[in-house]
file upload.tsv (TSV, C-alpha atoms)
chain	number	residue	atom	x	y	z
A	244	MET	CA	23.24	-6.55	77.60
A	245	PRO	CA	20.73	-8.68	75.61
A	246	ARG	CA	21.37	-8.47	71.88
A	247	THR	CA	17.85	-7.26	71.09
A	248	ARG	CA	18.10	-4.46	73.68
A	249	ALA	CA	21.40	-3.38	72.14
A	250	GLU	CA	19.77	-3.40	68.69
A	251	LEU	CA	16.87	-1.32	70.00
A	252	GLY	CA	19.25	1.26	71.43
A	253	ALA	CA	21.34	1.37	68.25
A	254	PHE	CA	18.27	1.84	66.06
A	255	LEU	CA	16.96	4.68	68.22
A	256	ARG	CA	20.35	6.35	68.19
A	257	SER	CA	20.69	6.04	64.41
A	258	ARG	CA	17.26	7.59	63.81
A	259	ARG	CA	17.94	10.36	66.36
A	260	ASP	CA	21.26	11.20	64.74
A	261	ALA	CA	19.54	11.45	61.34
A	262	LEU	CA	16.81	13.90	62.46
A	263	THR	CA	17.72	17.57	62.91
A	264	PRO	CA	15.83	19.87	65.33
A	265	GLU	CA	14.47	21.76	62.32
A	266	GLN	CA	13.09	18.56	60.78
A	267	ALA	CA	11.58	17.54	64.13
A	268	GLY	CA	10.05	20.97	64.65
A	269	VAL	CA	11.71	21.58	68.04
A	270	ASP	CA	13.82	24.41	69.43
A	271	ALA	CA	17.45	23.32	69.54
A	272	VAL	CA	19.13	23.22	72.93
A	273	PRO	CA	21.89	25.87	72.92
A	274	GLY	CA	25.52	24.79	72.75
A	275	PRO	CA	27.83	22.87	70.41
A	276	ARG	CA	26.46	19.68	68.82
A	277	ARG	CA	28.47	16.52	68.22
A	278	VAL	CA	26.17	15.54	65.32
A	279	PRO	CA	23.49	17.48	63.43
A	280	GLY	CA	20.76	15.24	64.84
A	281	LEU	CA	18.60	15.62	67.92
A	282	ARG	CA	20.11	15.52	71.39
A	283	LYS	CA	18.75	12.95	73.81
A	284	GLU	CA	17.00	15.57	75.92
A	285	GLU	CA	15.38	17.12	72.84
A	286	LEU	CA	13.97	13.79	71.73
A	287	ALA	CA	12.90	12.86	75.27
A	288	ALA	CA	10.97	16.12	75.61
A	289	ARG	CA	9.29	15.63	72.22
A	290	ALA	CA	8.29	12.06	73.14
A	291	GLY	CA	7.11	12.97	76.64
A	292	VAL	CA	9.60	10.84	78.59
A	293	SER	CA	12.38	11.80	80.98
A	294	PRO	CA	15.94	12.18	79.63
A	295	ASP	CA	17.11	9.51	82.09
A	296	TYR	CA	14.48	7.04	80.86
A	297	TYR	CA	15.43	7.68	77.25
A	298	SER	CA	19.13	7.29	78.04
A	299	ARG	CA	18.41	3.87	79.55
A	300	LEU	CA	16.64	2.89	76.32
A	301	GLU	CA	19.62	3.79	74.14
A	302	GLN	CA	21.99	2.06	76.55
A	303	GLY	CA	19.89	-1.12	76.53
A	304	ARG	CA	19.18	-0.88	80.27
A	305	GLN	CA	15.39	-0.52	80.11
A	306	ALA	CA	13.90	-3.99	80.41
A	307	VAL	CA	10.28	-3.15	79.57
A	308	VAL	CA	8.99	-0.53	77.14
A	309	SER	CA	5.27	0.05	76.73
A	310	PRO	CA	3.64	0.23	73.27
A	311	GLU	CA	2.52	3.76	74.13
A	312	VAL	CA	6.11	4.90	74.72
A	313	LEU	CA	7.24	3.20	71.52
A	314	ASP	CA	4.52	4.99	69.56
A	315	ALA	CA	5.49	8.31	71.15
A	316	LEU	CA	9.14	7.74	70.18
A	317	ALA	CA	8.13	6.72	66.65
A	318	GLY	CA	6.14	9.91	66.28
A	319	ALA	CA	8.91	12.07	67.70
A	320	LEU	CA	11.42	10.47	65.33
A	321	ARG	CA	9.04	10.76	62.37
A	322	LEU	CA	9.37	7.05	61.58
A	323	ASP	CA	7.51	5.62	58.62
A	324	CYS	CA	5.23	2.59	59.01
A	325	VAL	CA	8.02	0.05	58.35
A	326	GLU	CA	10.39	1.73	60.80
A	327	ARG	CA	7.62	1.93	63.40
A	328	ALA	CA	6.91	-1.80	63.08
A	329	HIS	CA	10.65	-2.48	63.27
A	330	LEU	CA	10.87	-0.48	66.52
A	331	HIS	CA	8.05	-2.52	68.07
A	332	ASP	CA	9.63	-5.80	66.92
A	333	LEU	CA	12.99	-4.85	68.44
A	334	ALA	CA	11.32	-4.03	71.74
A	335	ALA	CA	9.44	-7.35	71.75
A	336	GLY	CA	12.31	-9.49	70.46
A	337	GLY	CA	14.38	-12.06	72.26
A	338	ARG	CA	11.53	-13.70	74.16
A	339	ARG	CA	11.94	-16.97	72.34
A	340	ARG	CA	15.12	-18.73	71.23
A	341	ASP	CA	15.41	-21.85	69.11
A	342	ASP	CA	18.83	-23.37	68.58
A	343	ALA	CA	17.58	-26.03	66.15
A	344	PRO	CA	18.01	-24.94	62.52
A	345	ALA	CA	14.64	-24.60	60.82
A	346	PRO	CA	14.29	-26.77	57.71
A	347	ARG	CA	13.98	-24.97	54.40
A	348	PRO	CA	10.24	-24.74	53.64
A	349	ALA	CA	8.78	-26.40	50.59
A	350	PRO	CA	7.65	-23.94	47.94
A	351	ASP	CA	3.97	-23.08	48.18
A	352	PRO	CA	2.11	-25.21	45.57
A	353	GLY	CA	-0.01	-22.26	44.49
A	354	LEU	CA	3.09	-20.14	43.87
A	355	LEU	CA	4.65	-22.99	41.87
A	356	ARG	CA	1.54	-23.19	39.68
A	357	MET	CA	1.68	-19.44	39.10
A	358	MET	CA	5.38	-19.66	38.22
A	359	ALA	CA	4.63	-22.43	35.71
A	360	GLY	CA	2.05	-20.19	34.06
A	361	LEU	CA	4.54	-17.32	33.80
A	362	ASP	CA	7.29	-19.14	31.93
A	363	HIS	CA	7.61	-16.16	29.55
A	364	LEU	CA	8.94	-14.04	32.47
A	365	PRO	CA	11.77	-14.50	35.01
A	366	VAL	CA	10.19	-15.70	38.26
A	367	LEU	CA	11.56	-16.65	41.70
A	368	VAL	CA	9.83	-18.16	44.73
A	369	LEU	CA	11.52	-16.71	47.82
A	370	GLY	CA	11.29	-17.84	51.43
A	371	PRO	CA	12.62	-16.54	54.74
A	372	ARG	CA	16.04	-14.78	54.62
A	373	GLY	CA	15.53	-14.20	50.89
A	374	GLU	CA	16.30	-17.87	50.19
A	375	VAL	CA	15.46	-19.13	46.71
A	376	LEU	CA	12.88	-21.92	47.01
A	377	ALA	CA	12.27	-22.27	43.27
A	378	ARG	CA	13.08	-20.41	40.05
A	379	ASN	CA	12.38	-20.81	36.37
A	380	ALA	CA	14.82	-21.02	33.49
A	381	LEU	CA	14.39	-17.37	32.46
A	382	ALA	CA	15.38	-16.17	35.94
A	383	VAL	CA	18.62	-18.12	35.62
A	384	ALA	CA	19.24	-16.79	32.11
A	385	VAL	CA	18.57	-13.17	33.02
A	386	LEU	CA	20.37	-13.03	36.39
A	387	GLY	CA	23.36	-15.09	35.25
A	388	ALA	CA	23.59	-17.59	38.11
A	389	PRO	CA	22.15	-21.08	38.77
A	390	LEU	CA	20.16	-19.86	41.82
A	391	GLU	CA	19.68	-23.42	43.04
A	392	PRO	CA	17.05	-23.90	45.80
A	393	GLY	CA	18.66	-22.84	49.06
A	394	THR	CA	20.66	-20.06	47.41
A	395	SER	CA	20.61	-16.81	49.38
A	396	LEU	CA	19.55	-13.87	47.22
A	397	ALA	CA	21.75	-11.64	49.39
A	398	ARG	CA	24.76	-13.88	48.76
A	399	TYR	CA	24.00	-13.71	45.03
A	400	LEU	CA	24.02	-9.90	45.17
A	401	PHE	CA	27.27	-9.59	47.15
A	402	GLU	CA	29.25	-12.67	46.13
A	403	GLU	CA	28.22	-13.49	42.54
A	404	PRO	CA	30.20	-11.44	39.97
A	405	ALA	CA	27.29	-11.58	37.51
A	406	ALA	CA	25.14	-9.56	39.91
A	407	ARG	CA	27.40	-6.49	39.84
A	408	GLU	CA	28.02	-6.92	36.11
A	409	ARG	CA	24.38	-7.25	35.06
A	410	LEU	CA	22.30	-5.26	37.54
A	411	VAL	CA	22.53	-1.64	36.42
A	412	GLU	CA	21.08	-0.37	39.72
A	413	TRP	CA	23.17	-2.82	41.76
A	414	THR	CA	23.82	-0.31	44.55
A	415	GLU	CA	20.14	0.47	45.10
A	416	TYR	CA	19.18	-3.21	44.79
A	417	ALA	CA	21.90	-4.31	47.24
A	418	GLN	CA	21.08	-1.57	49.76
A	419	ALA	CA	17.42	-2.60	49.66
A	420	SER	CA	18.43	-6.21	50.27
A	421	VAL	CA	20.46	-5.21	53.36
A	422	ALA	CA	17.59	-3.09	54.71
A	423	SER	CA	15.15	-5.98	54.16
A	424	LEU	CA	17.45	-8.41	55.97
A	425	ARG	CA	17.75	-6.02	58.91
A	426	ARG	CA	13.96	-5.77	59.03
A	427	GLU	CA	13.75	-9.56	59.03
A	428	THR	CA	16.22	-9.96	61.92
A	429	ALA	CA	13.84	-8.00	64.17
A	430	ARG	CA	10.88	-10.15	63.15
A	431	ARG	CA	12.89	-13.37	63.54
A	432	PRO	CA	15.36	-12.84	66.44
A	433	GLN	CA	15.40	-16.60	67.08
A	434	ASP	CA	16.63	-17.40	63.55
A	435	ARG	CA	20.26	-18.49	63.98
A	436	ARG	CA	20.67	-19.19	60.25
A	437	LEU	CA	19.73	-15.59	59.49
A	438	ALA	CA	22.17	-14.32	62.12
A	439	ARG	CA	24.99	-16.41	60.60
A	440	LEU	CA	24.18	-15.11	57.11
A	441	VAL	CA	24.37	-11.50	58.28
A	442	ALA	CA	27.60	-12.10	60.21
A	443	ALA	CA	29.25	-13.76	57.21
A	444	LEU	CA	28.28	-10.99	54.79
A	445	ARG	CA	29.34	-8.25	57.22
A	446	ALA	CA	32.75	-9.86	57.58
A	447	ALA	CA	33.21	-10.44	53.85
A	448	ASP	CA	31.90	-7.27	52.22
A	449	GLU	CA	32.60	-3.65	53.17
A	450	ASP	CA	29.49	-2.35	51.39
A	451	PHE	CA	27.26	-4.76	53.27
A	452	ALA	CA	28.87	-3.86	56.60
A	453	ARG	CA	28.51	-0.12	56.00
A	454	TRP	CA	24.86	-0.34	54.95
A	455	TRP	CA	24.06	-2.70	57.80
A	456	ASP	CA	25.45	-0.20	60.31
A	457	ASP	CA	23.19	2.51	58.85
A	458	HIS	CA	20.21	0.70	60.46
A	459	ALA	CA	17.96	1.45	57.47
A	460	VAL	CA	14.98	-0.91	57.24
A	461	GLN	CA	12.42	-1.72	54.57
A	462	ASP	CA	10.17	-4.54	53.42
A	463	TYR	CA	10.48	-6.27	50.09
A	464	GLY	CA	8.54	-4.18	47.60
A	465	SER	CA	7.93	-3.55	43.93
A	466	SER	CA	10.70	-1.77	42.06
A	467	ARG	CA	12.18	-1.20	38.60
A	468	LYS	CA	15.27	-3.21	37.68
A	469	THR	CA	17.53	-2.83	34.66
A	470	VAL	CA	19.68	-5.74	33.52
A	471	ASP	CA	22.56	-5.57	31.02
A	472	HIS	CA	22.43	-9.03	29.47
A	473	PRO	CA	25.57	-10.11	27.56
A	474	VAL	CA	23.54	-11.61	24.69
A	475	VAL	CA	20.25	-9.73	24.32
A	476	GLY	CA	21.33	-6.36	25.71
A	477	ARG	CA	19.50	-4.08	28.14
A	478	LEU	CA	16.32	-5.40	29.77
A	479	VAL	CA	13.97	-3.29	31.89
A	480	PHE	CA	11.64	-4.92	34.41
A	481	ASP	CA	9.10	-3.95	37.00
A	482	VAL	CA	9.59	-6.49	39.79
A	483	GLU	CA	6.36	-7.37	41.58
A	484	PHE	CA	6.02	-9.39	44.80
A	485	LEU	CA	3.03	-11.57	45.73
A	486	ARG	CA	2.56	-13.32	49.09
A	487	PRO	CA	0.07	-16.18	49.51
A	488	ALA	CA	-2.41	-15.90	52.38
A	489	THR	CA	-1.57	-19.48	53.40
A	490	ASP	CA	2.15	-18.74	53.95
A	491	PRO	CA	3.06	-15.04	54.19
A	492	GLU	CA	6.74	-15.91	54.69
A	493	GLN	CA	6.95	-16.94	51.04
A	494	GLN	CA	6.66	-14.63	48.06
A	495	LEU	CA	6.61	-14.80	44.30
A	496	ALA	CA	9.02	-12.33	42.69
A	497	THR	CA	8.04	-11.74	39.06
A	498	TYR	CA	10.11	-9.68	36.62
A	499	THR	CA	7.36	-8.21	34.48
A	500	ALA	CA	7.85	-6.59	31.08
A	501	GLU	CA	5.57	-4.32	29.05
A	502	PRO	CA	3.78	-6.48	26.42
A	503	GLY	CA	5.31	-5.96	22.98
A	504	SER	CA	8.31	-4.09	24.39
A	505	ARG	CA	11.93	-4.67	23.50
A	506	THR	CA	12.38	-6.51	26.79
A	507	ALA	CA	9.41	-8.80	26.10
A	508	ARG	CA	10.76	-9.66	22.64
A	509	ALA	CA	14.25	-10.25	24.01
A	510	LEU	CA	12.83	-12.58	26.66
A	511	ALA	CA	11.09	-14.57	23.95
A	512	LEU	CA	14.44	-15.04	22.22
A	513	LEU	CA	16.09	-16.10	25.49
A	514	ALA	CA	13.28	-18.54	26.14
A	515	ALA	CA	13.72	-20.01	22.68
A	516	GLY	CA	17.46	-20.40	23.25
A	517	THR	CA	18.45	-17.86	20.60
A	518	ALA	CA	22.13	-16.97	21.00
A	519	ALA	CA	22.34	-14.02	18.59
A	520	PRO	CA	21.53	-10.49	19.77
A	521	PRO	CA	17.99	-9.47	18.75
A	522	ALA	CA	17.54	-6.90	16.03
A	523	VAL	CA	15.11	-4.74	17.97
A	524	THR	CA	15.04	-1.10	18.94
A	525	ASP	CA	14.37	0.54	22.28
A	526	ASP	CA	10.72	1.28	23.06
A	527	VAL	CA	9.46	4.54	24.46
A	528	ALA	CA	7.45	2.48	26.95
A	529	LEU	CA	10.66	1.23	28.51
A	530	GLY	CA	11.78	4.73	29.47
call {"tool": "encode", "arguments": {"input": "upload.tsv", "output": "structure tokens"}}
result
Amino acid sequence: MPRTRAELGAFLRSRRDALTPEQAGVDAVPGPRRVPGLRKEELAARAGVSPDYYSRLEQGRQAVVSPEVLDALAGALRLDCVERAHLHDLAAGGRRRDDAPAPRPAPDPGLLRMMAGLDHLPVLVLGPRGEVLARNALAVAVLGAPLEPGTSLARYLFEEPAARERLVEWTEYAQASVASLRRETARRPQDRRLARLVAALRAADEDFARWWDDHAVQDYGSSRKTVDHPVVGRLVFDVEFLRPATDPEQQLATYTAEPGSRTARALALLAAGTAAPPAVTDDVALG
């Protein structure tokens, strides 16, 4: 069975298992249920396809799936826009393979100029697979790791002790990273480096393996992050992502802080190389 067809079947099955008849708005088929989710025949009826056709999809035996059927399944499963796009990418994947490792892209010059102008905030330039293409000194100071170009942000989260020590919402942050990597594997099925990264992390970390098998997907997006820094104390950021129109596979990740807040003042001390904890109080603006 082609890998992408197996992934398509596994994703459909995971979403079906997670959706109850009540949530789907369908009458449950009588009889005992192995899982609370929809049965195959219930989903097939809701999507307007035959149970045999749907079974072939989950088993990876349906070679061609039309966009109309995919949209019908997405609607029946109540998928959000990211999950819907993921479903279409899985169905289209595997048409092109490239065994040659792609070189690490050079950081976008515009993003580098923006990073230089934001030296009062932690900033990363990220490329495909969440690879660090560039970072400033404050990002290193706040996150507690060198983050040299070529570093995998996922490897930082799961393999660097400082990540679990400093990131207060480590679980949410790490789960989001896994879901973003899974989304990327459907967009880039030819990327062998990405496949090796996922395989290595699944083998090395039980949390990663469990979250990967949940089949949750999401795109990188803005979020709030709290960091317990060993010198300046608790820092609260809103992390914003910006993609350049010239290279949408790169993004600028900026850890923003409310002007005049405790976090902003602590960052100024870090930037100045101050080693002593700052004598500042928590701000209401930081929540």
call {"tool": "atom_distance", "arguments": {"input": "upload.tsv", "atom1": "CA of Pro350 (chain A)", "atom2": "CA of Ala438 (chain A)"}}
result
22.5 Å
call {"tool": "closest_residue", "arguments": {"input": "upload.tsv", "among": "A:His363, A:Arg453, A:His458, A:Arg436", "to": "Leu513 (chain A)", "atoms": "all atoms listed in the file"}}
result
A:His363
call {"tool": "residues_around", "arguments": {"input": "upload.tsv", "residues": "region 476-486 of chain A", "least_positions_apart": "2", "cutoff": "7 Å", "atoms": "only C-alpha atoms", "output": "ChimeraX atom specification"}}
result
/A:464-474,488,491,493-500,506,529
call {"tool": "residues_around", "arguments": {"input": "upload.tsv", "residues": "Glu403 (chain A)", "least_positions_apart": "3", "cutoff": "12 Å", "atoms": "only C-alpha atoms", "output": "list in words"}}
result
Leu386, Gly387, Ala388, Pro389, Leu390, Thr394, Ser395, Leu396, Ala397, Arg398, Tyr399, Leu400, Ala406, Arg407, Glu408, Arg409, Leu410 and Trp413 of chain A
call {"tool": "atom_distance", "arguments": {"input": "upload.tsv", "atom1": "CA of Gly516 (chain A)", "atom2": "CA of Arg378 (chain A)"}}
result
17.4 Å
call {"tool": "residues_around", "arguments": {"input": "upload.tsv", "residues": "Arg430 (chain A)", "least_positions_apart": "2", "cutoff": "9 Å", "atoms": "all atoms listed in the file", "output": "count of residues only"}}
result
9
call {"tool": "closest_residue", "arguments": {"input": "upload.tsv", "among": "A:Pro487, A:Pro279, A:Pro348, A:Pro502", "to": "Leu364 (chain A)", "atoms": "all atoms listed in the file"}}
result
A:Pro502
call {"tool": "residues_around", "arguments": {"input": "upload.tsv", "residues": "Leu355 (chain A)", "least_positions_apart": "4", "cutoff": "8 Å", "atoms": "all atoms listed in the file", "output": "compact mmCIF listing (two decimals) with C-alpha atoms, keeping the file's coordinate frame"}}
result
# COMPACT_ATOMS: atom_id res chain seq x y z
CA PRO A 350 7.65 -23.94 47.94
CA ASP A 351 3.97 -23.08 48.18
CA ALA A 359 4.63 -22.43 35.71
CA VAL A 368 9.83 -18.16 44.73
CA ALA A 377 12.27 -22.27 43.27
call {"tool": "closest_residue", "arguments": {"input": "upload.tsv", "among": "A:Asp462, A:Asp456, A:Glu492, A:Glu449", "to": "Glu326 (chain A)", "atoms": "all atoms listed in the file"}}
result
A:Asp462
call {"tool": "closest_residue", "arguments": {"input": "upload.tsv", "among": "A:Pro294, A:Gly252, A:Gly280, A:Gly303", "to": "Glu265 (chain A)", "atoms": "all atoms listed in the file"}}
result
A:Gly280
call {"tool": "closest_residue", "arguments": {"input": "upload.tsv", "among": "A:Val278, A:Ala261, A:Leu255, A:Ala334", "to": "Tyr297 (chain A)", "atoms": "all atoms listed in the file"}}
result
A:Leu255
call {"tool": "atom_distance", "arguments": {"input": "upload.tsv", "atom1": "CA of Ala452 (chain A)", "atom2": "CA of Leu316 (chain A)"}}
result
26.6 Å
call {"tool": "residues_around", "arguments": {"input": "upload.tsv", "residues": "region 414-422 of chain A", "least_positions_apart": "2", "cutoff": "6 Å", "atoms": "only C-alpha atoms", "output": "PDB file with C-alpha atoms, keeping the file's coordinate frame"}}
result
ATOM      1  CA  GLU A 412      21.080  -0.370  39.720  1.00  0.00           C
ATOM      2  CA  LEU A 424      17.450  -8.410  55.970  1.00  0.00           C
ATOM      3  CA  ARG A 425      17.750  -6.020  58.910  1.00  0.00           C
ATOM      4  CA  ALA A 459      17.960   1.450  57.470  1.00  0.00           C
ATOM      5  CA  VAL A 460      14.980  -0.910  57.240  1.00  0.00           C
ATOM      6  CA  GLN A 461      12.420  -1.720  54.570  1.00  0.00           C
TER       7      GLN A 461
END
call {"tool": "axis_aligned_box", "arguments": {"input": "upload.tsv", "around": "region 369-374 of chain A", "padding_each_side": "3 Å", "output": "JSON"}}
result
{"center_x": 13.8, "center_y": -16.0, "center_z": 51.3, "size_x": 11.0, "size_y": 9.7, "size_z": 12.9}
call {"tool": "closest_residue", "arguments": {"input": "upload.tsv", "among": "A:Thr489, A:Arg258, A:Leu440, A:Ser293", "to": "Leu330 (chain A)", "atoms": "only C-alpha atoms"}}
result
A:Arg258
